[in-house]
Amino acid sequence: MLVKVKKASRKFENGNVAFKDISFSTKEGEIIGLLGTSGCGKSTILRSISGLDQSYDGSILVENCEARECKETIGFMFQEPRLMPWLTVIENVQFGSKNVQHQKAEILVEQVGLKGFEKNYPKELSGGMAQRAAIARALMTSPRLLLLDEPFSALDAFTKIQLQDLLLSVWEKNKATMLLVTHDIDEALYLCDRLLVFRGQPGELCEEIKVKRKDNKRSRGDENLLKQKEQILSLLNVERSIT
Amino acid sequence: MLVKVKKASRKFENGNVAFKDISFSTKEGEIIGLLGTSGCGKSTILRSISGLDQSYDGSILVENCEARECKETIGFMFQEPRLMPWLTVIENVQFGSKNVQHQKAEILVEQVGLKGFEKNYPKELSGGMAQRAAIARALMTSPRLLLLDEPFSALDAFTKIQLQDLLLSVWEKNKATMLLVTHDIDEALYLCDRLLVFRGQPGELCEEIKVKRKDNKRSRGDENLLKQKEQILSLLNVERSIT
Amino acid sequence: MSQQTETNVIKPIRSNFKLSISLTKWTTSSKQVVIGSILPITLLLLWELLSRVGVIPPNQLPAPTVIFLKIVTMIQDGSLWGHVGITFFRVFIGFLLGTVVALLLGALVGFFRFAEELIDPLLQAFRSIPSLAWVPLFILWFSIGETSKILLIAVGVFFPVYLNIVSGVKGVDRKLIEVGRIYGFSTYQLIKNIIIPASLPSFLVGLRSGLGLGWMFVVAAELMGASTGLGYLLVFGQNMSSPDIIIASIFLFALLGKLTDFTLKVIEHKALHWQDSLSSSQGNER
Amino acid sequence: MSQQTETNVIKPIRSNFKLSISLTKWTTSSKQVVIGSILPITLLLLWELLSRVGVIPPNQLPAPTVIFLKIVTMIQDGSLWGHVGITFFRVFIGFLLGTVVALLLGALVGFFRFAEELIDPLLQAFRSIPSLAWVPLFILWFSIGETSKILLIAVGVFFPVYLNIVSGVKGVDRKLIEVGRIYGFSTYQLIKNIIIPASLPSFLVGLRSGLGLGWMFVVAAELMGASTGLGYLLVFGQNMSSPDIIIASIFLFALLGKLTDFTLKVIEHKALHWQDSLSSSQGNER
Amino acid sequence: GSSTTSSKSESKPEVIRLDYAFYSPTSLVLKEFGWVEEEFEKEGIKVEWVQSLGSNKALEFLNSNSVDFGSTAGAAALIAKSKAAPIESVYIYSKPEWTALVTQGSSPISKVSDLKGKKVAATLGTDPYIFLLRSLAEEGLKPSDVEIVNLQHGDGAAALVAGKVDAWAGLDPHMAKLEVTEGTKFVYRNADLNTYGTLNVRSEFAKKYPEYVEKVITLYEKARLWTIENEQEATKILAEQAQLDQEVAALQITRNDFSKPIPGDTQNKALTEAGKLLQTSGVIEEKDDIEKLVNQLIQPKFAEKVIK
Ligand SMILES: Nc1ncnc2c1ncn2[C@@H]1O[C@H](COP(=O)(O)OP(=O)(O)OP(=O)(O)O)[C@@H](O)[C@H]1O
Ligand SMILES: Nc1ncnc2c1ncn2[C@@H]1O[C@H](COP(=O)(O)OP(=O)(O)OP(=O)(O)O)[C@@H](O)[C@H]1O
Ligand SMILES: [Mg+2]
Ligand SMILES: [Mg+2]
């Protein structure tokens with residue numbers, strides 16, 4: 001699905017401004033990374049695109065239809081797990097699927113490493129486990145537009161890598177358009193085709209970076225990525241404060 | 001404050017075992033990093049040390065007193081922000097302080113980059129902003145034992161570095177003992193004196209690593225750290241899955 | 001897909017708001033008053049019409065105008081203020097008393113398992129004793145003065161407030177309580193700083209339920225030797241077969257109940273503005 | 001520091017538990033029954049004693065044994081089952097009816113702002129009309145058969161359930177509702193899959209409050225031409241100046257109310273085991 | 001023998017609804033023996049019994065078309081009539097002395113004038129209340145000379161026993177009961193100030209089915225005569241139904257005079273007097289014409305036709 005954001009802003013009732021005059025657009029099946037300092041409006045952009053936040057100004061088109069009126073099913077993984085506390089892990093993963101696909105749910109639960117915890121309630125999960133259950137839930141419906149808000153933030157390096165690859169393998173199958181908010185630059189460079197870097201409060205789009213890869217193939221060891229990482233870090237003003 | 005854990009285990013009513021037979025101890029004013037795969041019991045260890053989870057087996061001594069009976073004030077930053085939804089940012093930061101220290105609270109709010117958001121309610125904060133408010137709250141009371149559960153997980157690289165340095169500067173002042181759970185190996189190596197690496201489910205302590213630094217001074221560019229990073233990654237079984 | 005239904009649902013609301021957002025705040029709330037009056041006024045008109053046509057015989061249910069005149073007469077001869085005033089006073093004091101006791105006991109029972117096991121079963125048994133049944137006992141114990149009336153009303157108020165507090169306290173998120181534990185809060189501090197604010201929504205519902213019951217218990221209370229009061233007026237009307245007095249007092253009950261409840265509702269709205277919930281998000285989206 | 005107070009608080013509970021953990025589950029709950037019986041039994045003994053000594057004159061408040069004998073007599077001549085049975089039946093049907101209507105209206109009002117503005121003001125006004133005041137109106141509208149009795153009880157049940165549902169629905173965490181929105185849930189799905197489970201704690205309190213009111217309204221209901229039922233028995237006792245009948249019926253009210261409430265409490269416990277709250281964490285820690 | 005030769009209406013009611021009340025022993029007898037059912041069964045008319053706990057309830061039922069026949073005190077019926085209730089008093093089931101002024105056995109109060117400044121319990125609008133007002137008036141006292149505490153009958157009895165009030169305008173069977181168990185004494189009694197037990201019928205029913213009104217009165221007559229002849233058994237029926245002690249029930253029965261069943265001038269006079277008093281105390285509105293109301297209320301024609 002195509003997303004086209006044109007001069008979009010969002011001002012809250014209490015005077016906070018989340019983002020201002022943002023414009024970008026996606027290609028079909030593209031994976032786009034959203035990077036930016038904390039509080040610069042990344043989550044709010046995703047909420048606006050998803051149609052949950054309907055009070056933005058400007059225009060946000062999803063498949064040529066204004067986001068606040070769009071009726072397409074999309075996938076959204078929120079910044080918090082948002083599991084239903086009264087459902088077990090497996091029920092949570094199936095939550096929202098129109099038809100019961102028990103087998104698919106079980107496979108996904110196993111893929112995110114929660115086998116054996118299917119019958120646990122959210123209060124019995126660790127932080128990372130809850131996040132993984134939320135990832136499984138987001139992947140259940142195979143939507144054509146997937147919004148991911150810091151999906152791997154509470155995971156250790158090892159688990160993170162496994163789930164990044166899981167995400168890619170799912171993407172290989174149906175080539176959904178993905179918007180991914182992350183603070184992990186390595187992750188962004190490994191997964192995304194293009195990165196949008198935001199800055200400031202209210203957030204503004206300050207740079208668009210096309211990720212260049214050797215042979216156009218994803219590889220964690222790719223040396224091209226290293227250079228781009230430095231570029232991004234400098235964009236985010238990191239260098240200055242390193243002692 | 002000294003923490004001494006001896007053959008501690010924790011089994012939940014539903015049969016889950018968080019950790020098993022864990023023993024370690026801290027020195028006064030040491031900063032210890034806890035690393036491990038998701039769900040291996042790190043948060044539960046912190047909860048046991050803090051006295052919140054009283055049903056562990058084995059012995060956990062805090063300042064020579066069994067943790068479940070310990071009455072010392074400690075600081076704990078939870079894995080989630082846990083802000084009181086009915087209090088504003090500044091009120092949340094002051095929450096729990098015995099005597100009102102308005103000025104200190106304001107300085108801390110500024111240091112974590114929330115100036116201008118003092119009067120916002122938690123529902124009006126972004127994920128990272130809520131986490132920063134929680135950090136400020138944990139630092140308010142200047143406790144002699146500080147437990148931090150993934151304190152910087154929702155922050156971008158730039159903000160993260162600032163807050164790491166803030167944490168160090170606070171530590172310089174009163175040299176509190178700190179236990180820090182993190183998934184960011186660079187962070188662990190930069191901040192900690194010693195790292196405990198856990199593995200498995202139930203989690204077991206598989207390695208203790210003393211961080212060696214050039215001239216015993218903290219520096220992000222330190223080349224010694226790079227080597228140790230590789231060692232840790234291999235411990236966490238990461239290498240195997242890198243393509 | 002079915003998001004369609006949803007947008008249909010939310011839209012009229014939002015567009016209503018668009019209309020009124022340009023007007024002042026006062027207008028918004030006056031618009032609410034207008035919408036809220038549609039049903040009562042329709043019902044009143046229908047009733048008046050049916051009475052005029054003769055479908056409803058006046059000896060059974062007098063027309064609204066007749067009742068209105070009755071109330072006007074009572075205002076003119078001054079007796080209305082006596083009835084309303086004393087009943088209002090009794091409900092108010094009884095409400096305060098019942099709430100305070102419910103707050104103390106409710107916090108105790110919600111917080112301490114032992115207190116719950118000790119006290120709660122007995123209280124739950126008392127809860128289903130009807131107001132009329134208390135009357136002979138209260139006359140016996142407290143004679144027939146104001147005390148017994150106020151106490152009886154307090155009993156009515158007590159139970160819903162108590163029940164909601166206990167449930168509210170037990171439903172407080174463990175995560176927040178643990179924050180207090182870490183700061184070494186005493187039980188009192190825990191209750192004051194975490195439990196009460198966190199269970200406030202539940203507490204406020206309890207207050208509103210309790211106030212409603214307070215008004216209900218007035219009639220039983222005023223069976224205990226009263227010579228003024230709305231409940232007295234009601235029973236008087238029943239004993240005198242005067243449908244106009246009966247309906248007038250029912251109307252006054254409804255009016256006063258509505259007014260006091262409205263006050264609580266405003267407080268509720270003010271006190272819960274921090275809630276990140278359906279109601280507040282609707283507010284945001286409008 | 002003040003954590004001391006806290007540990008003091010939790011310890012006796014935990015050590016109690018240690019004592020009973022080795023016993024079976026049945027024993028744990030029977031231990032609760034024992035603790036819960038301490039107060040009522042003490043009160044009964046005191047009352048019996050004071051009656052025997054003569055402090056409480058028997059014509060005003062007969063001794064528990066006298067009342068017990070009265071109940072036994074009623075059991076033997078079979079009249080008790082008639083009274084209890086019919087009242088139980090009326091409360092049960094009225095409770096079902098009131099709850100269903102409250103559920104529908106409550107969900108509507110809690111969810112749609114327009115429905116709230118339209119219906120809620122009127123309902124809130126009705127809420128404070130005492131049960132006794134409804135009696136003449138109900139006799140008028142529905143005559144004096146079972147229908148009017150059951151409807152009156154349903155009215156009593158309706159209000160607390162309604163109030164709690166509305167507040168529960170409005171208090172549902174916006175975050176969870178948004179999850180449903182993302183999946184394109186229809187309003188019906190939203191209510192069924194998110195709003196109802198999330199507001200379940202509040203709903204259950206409403207049910208328990210409502211049940212209590214159902215029992216209270218029975219007396220008023222059975223003023224409408226009944227010749228059996230506990231409420232009738234109570235009024236009968238009052239009209240006949242038979243304190244033993246009065247107190248026996250109060251006792252039966254308490255007993256039945258307690259039993260039905262206990263059923264709801266068990267359901268509440270079962271339905272809310274997923275809650276991560278004070279009560280469940282106490283359970284964990286024991 | 002009831003002949004329906006002069007039937008003005010062809011139709012018959014599907015169901016006849018009567019009330020029974022502990023303050024009307026004849027209604028209990030009637031219900032106990034099932035005579036009404038027996039009579040109307042032949043015609044395929046159903047019979048329903050509804051209990052009235054007091055005059056106010058009986059009137060409420062009559063007013064809302066919940067019963068066709070209701071037993072009340074005469075004055076209560078008059079008050080309702082003044083509020084346009086469509087009822088007629090067609091039969092006198094007894095001349096009861098069910099109310100009097102009562103005080104504790106040890107009380108120094110012995111006559112009505114002693115009540116000045118004292119607390120007296122009564123239930124507003126009921127016969128005892130009217131009795132209290134009339135006894136005070138006889139002594140030249142105003143209602144404001146005593147403190148009238150409005151309590152339901154049972155509560156008033158309890159309050160008297162507990163010493164919370166000085167006197168009580170009592171009602172049987174409470175009054176009889178206190179007399180037996182507590183040894184209370186009368187301050188003042190006067191059977192003529194009681195306003196008769198009247199059987200009322202809804203005007204609509206009387207107009208539509210006059211012969212059935214007569215039939216019911218015939219049945220009441222049967223019960224009345226039986227009661228006079230079998231006082232012992234009547235007492236037993238009352239005691240059983242109302243769960244009273246034999247002694248109390250006997251006392252209540254003896255305070256009923258079952259001799260004059262046809263409503264007429266006596267009742268007219270008594271009610272007119274009561275009505276005027278109620279008018280001065282504001283219960284009946286000033287503008288109402290008491291004599292006209294009483295004439296409309298008391299309809300002896302049915303009883304006169306049946307009872308020779
Ligand atoms: N209340 C509970 N009841 C049952 N099991 C629990 C409970 N809390 C935690 N667990 C289990 O204990 C284990 C360890 O949980 P813990 O939260 O300590 O993990 P963690 O190391 O902090 O993981 P993460 O990095 O994902 O936060 C998990 O397997 C979890 O399922
Ligand atoms: N409901 C709200 N009311 C008022 N202000 C809000 C609200 N939600 C968000 N904001 C403000 O909007 C800004 C952007 O918030 P947002 O959650 O989009 O940030 P973010 O980029 O996701 O940050 P993070 O990386 O910390 O999650 C913040 O300044 C925040 O204070
Ligand atoms: Mg965010
Ligand atoms: Mg954790």
# chains A, B, ... in the order shown; residues from 1 in each chain; ligands from 1
$ residues_near_ligand --ligand "ligand 2" --cutoff "9 Å" --atoms "only C-alpha atoms and all ligand atoms" --output "number ranges by chain"
A: 10-19, 35-47, 79, 149-150, 181-183, 198, 201-203; B: 117, 120-132, 154-156; C: 276, 281, 284
$ write_last_selection --atoms "N, CA and C atoms" --output "short mmCIF file (atom, residue, chain, number, x, y, z; two decimals), in the first residue's frame"
data_model
loop_
_atom_site.label_atom_id
_atom_site.label_comp_id
_atom_site.auth_asym_id
_atom_site.auth_seq_id
_atom_site.Cartn_x
_atom_site.Cartn_y
_atom_site.Cartn_z
N ARG A 10 0.63 18.19 13.49
CA ARG A 10 -0.31 17.78 14.53
C ARG A 10 -0.07 18.62 15.77
N LYS A 11 -1.11 19.35 16.15
CA LYS A 11 -1.03 20.19 17.35
C LYS A 11 -2.06 19.65 18.33
N PHE A 12 -1.65 19.44 19.58
CA PHE A 12 -2.59 18.91 20.57
C PHE A 12 -3.34 20.03 21.28
N GLU A 13 -4.41 19.64 21.94
CA GLU A 13 -5.25 20.63 22.62
C GLU A 13 -4.47 21.41 23.67
N ASN A 14 -3.50 20.75 24.31
CA ASN A 14 -2.78 21.45 25.39
C ASN A 14 -1.64 22.31 24.85
N GLY A 15 -1.53 22.42 23.54
CA GLY A 15 -0.52 23.30 22.98
C GLY A 15 0.71 22.60 22.46
N ASN A 16 0.95 21.34 22.90
CA ASN A 16 2.08 20.59 22.37
C ASN A 16 1.94 20.43 20.86
N VAL A 17 3.06 20.54 20.19
CA VAL A 17 3.04 20.24 18.76
C VAL A 17 3.92 19.02 18.54
N ALA A 18 3.35 17.96 17.97
CA ALA A 18 4.11 16.72 17.80
C ALA A 18 5.02 16.82 16.58
N PHE A 19 4.47 17.20 15.43
CA PHE A 19 5.31 17.35 14.23
C PHE A 19 4.74 18.46 13.37
N LEU A 35 13.70 7.64 12.10
CA LEU A 35 14.65 7.84 13.18
C LEU A 35 14.48 9.24 13.73
N GLY A 36 14.81 9.43 14.98
CA GLY A 36 14.71 10.79 15.51
C GLY A 36 14.80 10.80 17.02
N THR A 37 15.10 11.96 17.54
CA THR A 37 15.24 12.07 18.99
C THR A 37 13.90 11.80 19.68
N SER A 38 14.00 11.47 20.94
CA SER A 38 12.79 11.14 21.71
C SER A 38 11.84 12.34 21.77
N GLY A 39 10.57 12.09 21.49
CA GLY A 39 9.57 13.15 21.59
C GLY A 39 9.44 13.99 20.35
N CYS A 40 10.02 13.53 19.21
CA CYS A 40 9.96 14.37 18.01
C CYS A 40 8.77 14.02 17.14
N GLY A 41 7.89 13.15 17.61
CA GLY A 41 6.64 12.96 16.89
C GLY A 41 6.55 11.70 16.05
N LYS A 42 7.47 10.78 16.21
CA LYS A 42 7.45 9.57 15.38
C LYS A 42 6.19 8.75 15.63
N SER A 43 5.90 8.50 16.90
CA SER A 43 4.71 7.70 17.20
C SER A 43 3.46 8.39 16.71
N THR A 44 3.42 9.70 16.85
CA THR A 44 2.23 10.43 16.44
C THR A 44 2.03 10.34 14.93
N ILE A 45 3.13 10.36 14.17
CA ILE A 45 3.00 10.20 12.71
C ILE A 45 2.37 8.84 12.40
N LEU A 46 2.89 7.79 13.04
CA LEU A 46 2.32 6.47 12.79
C LEU A 46 0.84 6.44 13.16
N ARG A 47 0.50 7.05 14.29
CA ARG A 47 -0.91 7.07 14.71
C ARG A 47 -1.78 7.81 13.69
N GLN A 79 4.04 1.18 20.57
CA GLN A 79 5.29 1.30 21.32
C GLN A 79 5.25 0.45 22.59
N ASP A 149 6.29 0.41 15.82
CA ASP A 149 6.84 1.47 16.68
C ASP A 149 7.83 0.87 17.67
N GLU A 150 9.09 1.00 17.37
CA GLU A 150 10.16 0.43 18.20
C GLU A 150 9.85 -1.01 18.60
N VAL A 181 9.70 2.53 13.21
CA VAL A 181 10.38 3.49 14.08
C VAL A 181 11.41 2.73 14.90
N THR A 182 12.61 3.23 14.95
CA THR A 182 13.62 2.53 15.76
C THR A 182 14.68 3.50 16.23
N HIS A 183 15.33 3.17 17.32
CA HIS A 183 16.45 3.97 17.79
C HIS A 183 17.77 3.29 17.51
N PHE A 198 14.23 12.55 11.67
CA PHE A 198 13.49 13.70 12.21
C PHE A 198 14.33 14.38 13.28
N GLN A 201 11.71 19.54 18.32
CA GLN A 201 10.45 19.40 19.01
C GLN A 201 9.69 20.72 18.81
N PRO A 202 8.71 20.81 18.00
CA PRO A 202 8.07 19.79 17.16
C PRO A 202 9.01 19.23 16.10
N GLY A 203 8.80 17.96 15.79
CA GLY A 203 9.68 17.27 14.87
C GLY A 203 9.52 17.73 13.43
N PHE B 117 7.76 20.56 29.78
CA PHE B 117 6.70 19.56 29.88
C PHE B 117 6.34 19.26 31.34
N ASN B 120 2.73 18.54 32.03
CA ASN B 120 2.03 17.54 31.22
C ASN B 120 1.67 16.31 32.06
N TYR B 121 0.54 15.69 31.71
CA TYR B 121 0.19 14.42 32.34
C TYR B 121 0.80 13.27 31.55
N PRO B 122 1.02 12.14 32.20
CA PRO B 122 1.66 11.01 31.51
C PRO B 122 1.03 10.68 30.16
N LYS B 123 -0.29 10.82 30.05
CA LYS B 123 -0.90 10.46 28.76
C LYS B 123 -0.50 11.42 27.64
N GLU B 124 0.11 12.53 28.03
CA GLU B 124 0.52 13.50 27.02
C GLU B 124 2.01 13.41 26.68
N LEU B 125 2.64 12.34 27.14
CA LEU B 125 4.08 12.19 26.90
C LEU B 125 4.33 11.12 25.84
N SER B 126 5.45 11.23 25.16
CA SER B 126 5.86 10.15 24.27
C SER B 126 6.50 9.06 25.11
N GLY B 127 6.70 7.88 24.51
CA GLY B 127 7.27 6.76 25.25
C GLY B 127 8.61 7.10 25.90
N GLY B 128 9.48 7.71 25.12
CA GLY B 128 10.80 8.04 25.65
C GLY B 128 10.73 9.12 26.72
N MET B 129 9.80 10.04 26.57
CA MET B 129 9.67 11.10 27.57
C MET B 129 9.19 10.52 28.90
N ALA B 130 8.28 9.56 28.83
CA ALA B 130 7.82 8.93 30.06
C ALA B 130 8.99 8.21 30.73
N GLN B 131 9.78 7.54 29.93
CA GLN B 131 10.92 6.85 30.51
C GLN B 131 11.88 7.83 31.16
N ARG B 132 12.08 8.96 30.53
CA ARG B 132 12.98 9.95 31.13
C ARG B 132 12.43 10.52 32.43
N ALA B 154 14.04 2.99 25.53
CA ALA B 154 13.17 3.66 24.56
C ALA B 154 13.75 4.98 24.07
N LEU B 155 15.07 5.15 24.23
CA LEU B 155 15.66 6.43 23.87
C LEU B 155 16.55 6.31 22.64
N ASP B 156 16.60 7.38 21.88
CA ASP B 156 17.48 7.40 20.73
C ASP B 156 18.93 7.52 21.17
N ASP C 276 -6.69 8.32 30.86
CA ASP C 276 -6.45 8.09 29.45
C ASP C 276 -7.42 7.00 29.02
N SER C 281 -10.67 10.19 25.47
CA SER C 281 -10.21 10.19 24.10
C SER C 281 -11.32 10.68 23.17
N ASN C 284 -10.98 14.21 23.24
CA ASN C 284 -9.90 14.69 22.40
C ASN C 284 -10.30 14.77 20.94
#
$ closest_atom_pairs --of "chain C" --to "chain D" --cutoff "6 Å" --atoms "only C-alpha atoms" --output "CSV"
residue,atom,partner,partner_atom,distance
C:Ser2,CA,D:Ser186,CA,4.9
C:Gln3,CA,D:Gly184,CA,4.4
C:Thr5,CA,D:Ser186,CA,5.8
C:Glu6,CA,D:Ser186,CA,5.7
C:Ile35,CA,D:Leu118,CA,5.4
C:Gly36,CA,D:Leu118,CA,4.7
C:Glu117,CA,D:Gly36,CA,5.3
C:Leu118,CA,D:Gly36,CA,4.7
C:Pro121,CA,D:Gly36,CA,5.7
C:Gln124,CA,D:Lys258,CA,5.9
C:Ala125,CA,D:Lys258,CA,4.5
C:Phe126,CA,D:Ala254,CA,5.6
C:Ser128,CA,D:Gly212,CA,4.7
C:Ile129,CA,D:Phe253,CA,5.7
C:Pro130,CA,D:Met216,CA,4.0
C:Lys170,CA,D:Ser279,CA,4.9
C:Gly171,CA,D:Ser277,CA,5.2
C:Val172,CA,D:Ser277,CA,5.3
C:Asp173,CA,D:Ser277,CA,4.4
C:Arg174,CA,D:Ser277,CA,4.4
C:Gly184,CA,D:Gln3,CA,4.6
C:Phe185,CA,D:Ser2,CA,5.9
C:Ser186,CA,D:Ser2,CA,4.9
C:Gly212,CA,D:Ser128,CA,4.7
C:Trp215,CA,D:Ser128,CA,5.4
C:Met216,CA,D:Pro130,CA,4.0
C:Phe253,CA,D:Ile129,CA,5.7
C:Ala254,CA,D:Ala125,CA,4.6
C:Gly257,CA,D:Ser128,CA,5.1
C:Lys258,CA,D:Ala125,CA,4.5
C:Asp276,CA,D:Arg174,CA,5.9
C:Ser277,CA,D:Arg174,CA,4.4
C:Leu278,CA,D:Arg174,CA,5.1
C:Ser279,CA,D:Lys170,CA,4.9
$ closest_residue --among "B:Glu63, B:Glu69, B:Glu204, B:Asp21" --to "chain C" --atoms "only C-alpha atoms"
B:Glu69
$ select_by_dssp --residues "segment 57-227 of chain A" --states "helix (DSSP H, G or I)" --output "PyMOL selection string"
chain A and resi 67-69+89-94+102-111+122-124+127-140+157-174+185-191+214-216+223-227
$ interface_residues --of "chain A" --to "chain C" --cutoff "7 Å" --atoms "only C-alpha atoms" --output "PyMOL selection string"
chain A and resi 55+71-72
$ write_last_selection --atoms "C-alpha atoms" --output "mmCIF file, in the first residue's frame"
data_model
loop_
_atom_site.group_PDB
_atom_site.id
_atom_site.type_symbol
_atom_site.label_atom_id
_atom_site.label_comp_id
_atom_site.auth_asym_id
_atom_site.auth_seq_id
_atom_site.Cartn_x
_atom_site.Cartn_y
_atom_site.Cartn_z
ATOM 1 C CA SER A 55 -6.921 15.562 14.089
ATOM 2 C CA LYS A 71 -10.998 1.621 5.870
ATOM 3 C CA GLU A 72 -8.193 -0.722 4.861
#
$ interface_residues --of "chain E" --to "chain D" --cutoff "7 Å" --atoms "only C-alpha atoms" --output "compact mmCIF listing (two decimals) with C-alpha atoms, in the first residue's frame"
# COMPACT_ATOMS: atom_id res chain seq x y z
CA VAL E 50 -56.13 -9.87 46.99
CA GLN E 51 -55.03 -8.97 50.45
CA SER E 52 -55.34 -5.39 51.65
CA SER E 64 -56.15 1.46 39.83
CA SER E 66 -56.85 -3.90 40.51
CA HIS E 153 -49.47 1.52 63.16
CA GLY E 154 -46.99 -1.18 64.09
CA ALA E 158 -43.57 -0.35 69.38
CA PRO E 173 -55.07 -6.04 66.26
CA HIS E 174 -52.03 -4.12 67.54
$ residues_around --residues "Asp186 of chain A" --least-positions-apart "6" --cutoff "12 Å" --atoms "only C-alpha atoms" --output "number ranges by chain"
A: 33, 35, 157, 160-161, 164, 192, 195, 211, 218-230, 232-233; B: 157
$ write_last_selection --atoms "C-alpha atoms" --output "tab-separated table (two decimals), in the first residue's frame"
chain	number	residue	atom	x	y	z
A	33	GLY	CA	12.86	3.61	8.82
A	35	LEU	CA	14.65	7.84	13.18
A	157	ALA	CA	20.86	-8.46	20.88
A	160	LYS	CA	16.53	-8.99	18.34
A	161	ILE	CA	18.48	-10.42	15.42
A	164	GLN	CA	14.56	-8.94	12.59
A	192	CYS	CA	15.22	-0.50	5.71
A	195	LEU	CA	15.54	6.24	6.32
A	211	VAL	CA	20.40	2.83	2.18
A	218	ARG	CA	20.98	-7.44	3.13
A	219	SER	CA	23.96	-8.39	5.25
A	220	ARG	CA	24.87	-7.38	8.74
A	221	GLY	CA	28.56	-7.33	7.95
A	222	ASP	CA	28.14	-4.94	4.99
A	223	GLU	CA	30.85	-2.27	5.08
A	224	ASN	CA	28.74	0.28	3.22
A	225	LEU	CA	26.47	0.42	6.20
A	226	LEU	CA	29.24	1.48	8.54
A	227	LYS	CA	29.79	4.69	6.64
A	228	GLN	CA	26.16	5.50	6.52
A	229	LYS	CA	25.92	4.89	10.24
A	230	GLU	CA	28.44	7.60	10.89
A	232	ILE	CA	23.33	9.31	10.59
A	233	LEU	CA	25.00	9.67	13.96
B	157	ALA	CA	21.26	7.16	20.61
$ atom_distance --atom1 "atom 6 (C, counted along the ligand's line) of ligand 1" --atom2 "atom CA of Ser59 of chain B"
19.7 Å
$ atom_distance --atom1 "atom CA of Phe158 of chain A" --atom2 "atom 1 (Mg, counted along the ligand's line) of ligand 4"
15.1 Å
